[in-house]
Amino acid sequence: MSAIDYTEIRQKFASLVNQTCTNKVNRRLSALLDDIYNDLENNMLLRTNLDILNELSSTLMAAHREQWLHQPQLLGHPIFIILRDCLIDILFDEKQVELVARLSTLLHHVCHATAVKDEMVRLMICKPLIDKLNFFIIEFEQYRGPPKQLESMNRLLRIFTLIQTMRIDLYEDSLLELLFLNVSKCISSTFFMAQLSSVPQSMSDLESIQTFLFDSCIEFMYWQPYEESLLRRQTLGQICGILLPVIVRLMSLLSFSEPIMRIANLLSIHIMVPESYTDDKVLHQDYFALLKHCISMIDVETVRSKERLLLECICHLTNHSDLLAFMIEFDSLKPTLLKISDMDDCEISLNSYRILALIMCEDDIKALKNANKIVGIYYLYFISMMEDPVQRTAFQSLLQSLKNFVQHDQVKVEVLQQNIIPLLIRCVTERQSFQSMKTLQYAIEILIALSFNDEASNILEKDSELIKCLETLKTSHEETIQRATNHLIWRLEQKHNIPNGSAPHVTSKSKYDIMISYSHNDKKLCFQVCDFLEKDGFRVWLDRDRMHGDVIVAMADAIENSEFIIICMSETYKASPYCQAEANYAFQRQSKLLPLVMKPKYKPDGWLGFIMSGKIYVDFTKHEFNEAYLLLKHEIENKRQVTMNQTKKMEVTHEPILPISLPIKVYQRQARVYQQQARADLPQFVNKWSEEHVRCFLGENNLTSLFIVFDNFNGHLLYQAYLMCEKNRELMFQAMREEVSASGNSSILTLGTYLQFLEELKKYIPINTTKLSQQLTSSVCCIM
C-alpha cells in the first residue's frame with residue numbers, strides 16, 4: 001500500500017460507519033484495520049509517514065463519533081499502539097502540533113468511551129509516554145512552546161486522571177505513583193505560588209499555563225486514591241501545609257475565585273483521608289478559617305457553579321468532629337441550606353442535604369415537610385451512579401452521606417418506602433462490580449442502621465442471597481468488612497433472641513465493673529477516663545484497639561457481665577450504627593447506664609435521647625477533667641449505694657425491689673370498673689391527672705395491655721411518655737411492646753392498640769406544648 005491508496009481506505013471507512021452496527025459490519029471494520037496495520041508493519045516508510053498517520057487518526061476520529069470504537073474487538077486493536085508510539089516520538093515536535101493534538105484527542109475520547117478497560121490501561125500505562133509527561137511537568141516552569149501543545153499535555157494528564165479515578169486497583173502502579181509525585185511537586189512549587197497571584201475569577205478566563213496548573217493538575221490530584229496509599233496521604237498532608245495558609249489568605253482578600261475554590265476543595269479532602277486528622281492531632285486553625293469563608297460566601301442569588309464548589313468543600317470538612325461542631329454554631333447555615341436545597345439543581349440539593357444530615361437534630365428532620373424529597377434525591381443519584389463505572393468514587397461518597405442520614409428514624413422510613421433497600425443489598429451481593437471496599441463497608445453499615453426498623457429487618461433476613469453473602473464476608477480479610485458484617489448478622493439474629501427485659505443480675509462479683517461504649521472519634525478522652533478508672537481499681541472493658549474478628553460477641557459479653565455501662569455521647573456516637581447496636585443492647589437488658597457528654601453543648605436526641613431519657617449526664621466539656629471524673633465516681637458510688645439499700649430491703653421484707661405487674665385478669669377486672677366511670681371525671685389536661693385518672697382513661701378506651709406499662713403513672717408521667725412517643729414513635733412502640741411481653745402475661749401490644757392510645761390521649765394534650773416540652777427536656781436531661 002502506498003500513500004495514494006489512502007483515498008480508497010477513507011471511502012471504505014465512510015461506507016462502513018454509515019451502516020447499521022452489526023457483527024458482520026464489525027468484522028469488516030476490524031478486517032480493514034488489520035489490512036492497514038499489516039501494511040504499516042511491513043513497510044517502515046509508510047509507518048513513519050506522518051501524512052498517512054494523520055489521515056488514519058482523522059478517520060478513526062470519525063469512527064469514534066459514530067460510536068464504532070466502542071466495540072471490544074476494535075478497542076484492543078494493535079493499530080492504536082502504532083498511533084501511541086507516533087505520539088511519543090513527536091510529542092515535543094513543534095512542527096507536528098496539529099497531529100499531536102489529533103492523536104491526544106483520539107486517545108482521550110477512546111479512554112472515556114471505553115470506561116478504561118484493560119486494553120486501554122495496557123496501551124496508556126507505557127513508560128516512554130509517562131516519562132515524557134513527567135519530563136514536561138518537571139520542566140514546566142521553563143515552557144515557552146505554543147498553547148496548542150499545552151492543550152495536548154492537558155489531555156494526556158486528564159487520561160491518567162480518568163485511569164486513577166476508575167481503576168482504583170492500579171494505585172500501586174509505580175509509573176502512576178511517579179507521575180503523582182511529580183504533579184505534587186509542581187503544585188507546591190514557587191512557580192505555582194507565583195501564578196496564584198494573578199488568578200482570575202472564572203475557569204474560562206485562565207491562560208493556557210494556568211489551565212494546566214489550576215485545572216488539569218488540580219483535577220489529577222483531586223481524584224487520587226488517597227485511602228489506598230500511605231505515600232499519597234503523606235504527600236497530600238505536605239501540600240496542605242504549604243498551600244492552605246496561602247489559599248485561606250487569598251480567600252479573605254479576593255472576591256470568589258473559581259480556581260482558588262477548586263484548590264481549596266483539594267485541600268479539604270485531607271480531612272476525609274483516614275489517619276490525617278483525628279482527635280489525637282491538633283487540627284490546623286486554617287481549616288476553621290476555610291470553613292468560615294465557605295459559609296460566608298454561600299449566596300442563593302449567585303451562579304450555581306459557585307454554590308456547587310462551596311458546598312462540596314463544606315461536605316468534606318464535615319468529616320472532622322471539631323469542624324462539624326463549629327459548623328453547628330452558625331445559626332444561619334441551616335436555613336440557608338434549606339433554602340438553596342430547593343433549587344432546581346440536583347447536585348446542589350444533594351450536597352445541601354449531605355451537610356444538613358449532620359447538623360440537623362431529630363426535631364429538625366421531623367419538622368421538614370420534604371423528607372420524601374430528600375430521600376428521592378438520594379434515590380435518583382443512587383440508580384444513576386451505581387451503574388456508571390466513571391462515578392464509582394462519587395458513588396462511594398454518596399453512600400457515606402446516606403449513612404449519616406439514616407441515623408434519623410424518619411429517613412429510615414423514607415428509605416424503606418422508596419425501595420432503596422434492594423439497591424443497598426445489590427451493593428453487597430454484587431460487590432465485585434464496585435471494586436471499592438469502602439462502598440461495600442458503607443452499604444453494610446447502612447443496612448445495620450436500617451435493621452433497627454422492624455420492617456426493614458424482615459426484608460433483610462428474608463433475602464437468602466444477602467444472608468449467603470454475609471456468611472462469606474464475615475471471614476473477610478478486610479477488617480472493616482468483617483466487623484460490619486458480624487454486626488449486621490448479630491443484629492438480625494438478636495431480633496429473635498431479645499432479652500427478657502428483667503434487670504440483669506450483675507454484682508460486684510461480675511467479670512467487669514464497667515464497660516465503656518464510645519465512638520472512635522472520641523477515643524482520646526475515653527481512653528483518659530478508662531485509665532483513671534483502672535488506676536482507681538475498677539475493672540474496665542474497653543475496645544481500645546478496635547478489635548477485629550468476633551468483636552460483637554465480645555461486646556455483648558461485656559455488656560452482660562458489667563455492673564455499669566458508660567455511654568460516651570457525641571454527634572459521631574449517635575451517627576454510628578455500631579454504637580447504636582451497643583447502646584440499644586444495653587438498654588434492652590436494662591443495664592445501669594452512665595451517660596458522659598464528650599463534645600461541648602451536645603444534647604442527645606432521636607434514639608440516643610430516648611435511651612438516655614431521665615438519666616444524669618456527666619459533662620466532661622463543662623468541667624475540668626479531674627472535676628468531671630470525680631462527678632462520675634460519685635455517680636457510680638450513688639448507684640451502688642441505692643442497689644445495696646434495695647438489696648437489704650429485699651432481704652428484710654422478702655419483697656421485690658420493683659412492683660410486680662398484676663396478672664392480666666386483675667387488670668381486666670379493673671378495666672370493667674373504670675369503663676363504668678364517666679368521661680367527665682377526667683380533667684381536661686392530662687398533666688393534671690392522678691394515678692386513678694390514668695387507670696380510668698386506659699380502662700375506658702379498652703387499652704388493657706397498657707396497664708402493665710403505665711402502672712403507678714400519674715398524668716404528668718403519662719404526658720412525658722406521650723412526648724417521648726411523639727419524638728420517636730417506632731422506638732417507643734418497641735420498648736412498650738417489649739415491656740408488655742416481658743411481664744409474663746399472655747397479653748401483647750399491637751400496633752393498632754399503640755396508635756389508638758396516642759390518638760385518644762392526644763385529646764387531653766394542651767394545645768401549646770412548647771413550654772411544657774422544654775420543661776420536660778430540662779427535667780429528664782439533668783446536665784451536671
# chains A, B, ... in the order shown; residues from 1 in each chain; ligands from 1
>>> residues_around(residues="Phe330 of chain A", least_positions_apart="3", cutoff="10 Å", atoms="only C-alpha atoms", output="ChimeraX atom specification")
/A:292,295-296,325-327,333-334,359
>>> residues_around(residues="segment 377-380 of chain A", least_positions_apart="4", cutoff="8 Å", atoms="only C-alpha atoms", output="list of chain:residue names")
A:Cys346, A:Ser349, A:Leu350, A:Lys373, A:Ser384, A:Leu398, A:Leu402, A:Gln418, A:Ile420
>>> select_by_dssp(residues="segment 306-438 of chain A", states="helix (DSSP H, G or I)", output="ChimeraX atom specification")
/A:306-317,321-328,333-340,346-359,362-367,371-385,389-405,409-417,421-429,431-433,437-438
>>> closest_residue(among="A:Lys339, A:Lys688, A:Lys603, A:His316", to="Leu717 of chain A", atoms="only C-alpha atoms")
A:Lys688
>>> closest_residue(among="A:Gln210, A:Gln441, A:Thr572, A:Thr621", to="Asn404 of chain A", atoms="only C-alpha atoms")
A:Thr572
>>> residues_around(residues="Thr318 of chain A", least_positions_apart="5", cutoff="9 Å", atoms="only C-alpha atoms", output="JSON, numbers by chain")
{"A": [271, 272, 313, 323, 324, 325, 327, 355, 358]}
>>> closest_residue(among="A:Asp34, A:Glu627, A:Glu637, A:Asp363", to="Leu594 of chain A", atoms="only C-alpha atoms")
A:Glu637
>>> atom_distance(atom1="atom CA of Ser433 of chain A", atom2="atom CA of Glu387 of chain A")
9.0 Å
>>> atom_distance(atom1="atom CA of Cys240 of chain A", atom2="atom CA of Pro225 of chain A")
16.6 Å
>>> atom_distance(atom1="atom CA of Asp131 of chain A", atom2="atom CA of Tyr37 of chain A")
26.1 Å
>>> closest_residue(among="A:Met166, A:Lys468, A:Thr161, A:Arg483", to="Tyr222 of chain A", atoms="only C-alpha atoms")
A:Thr161
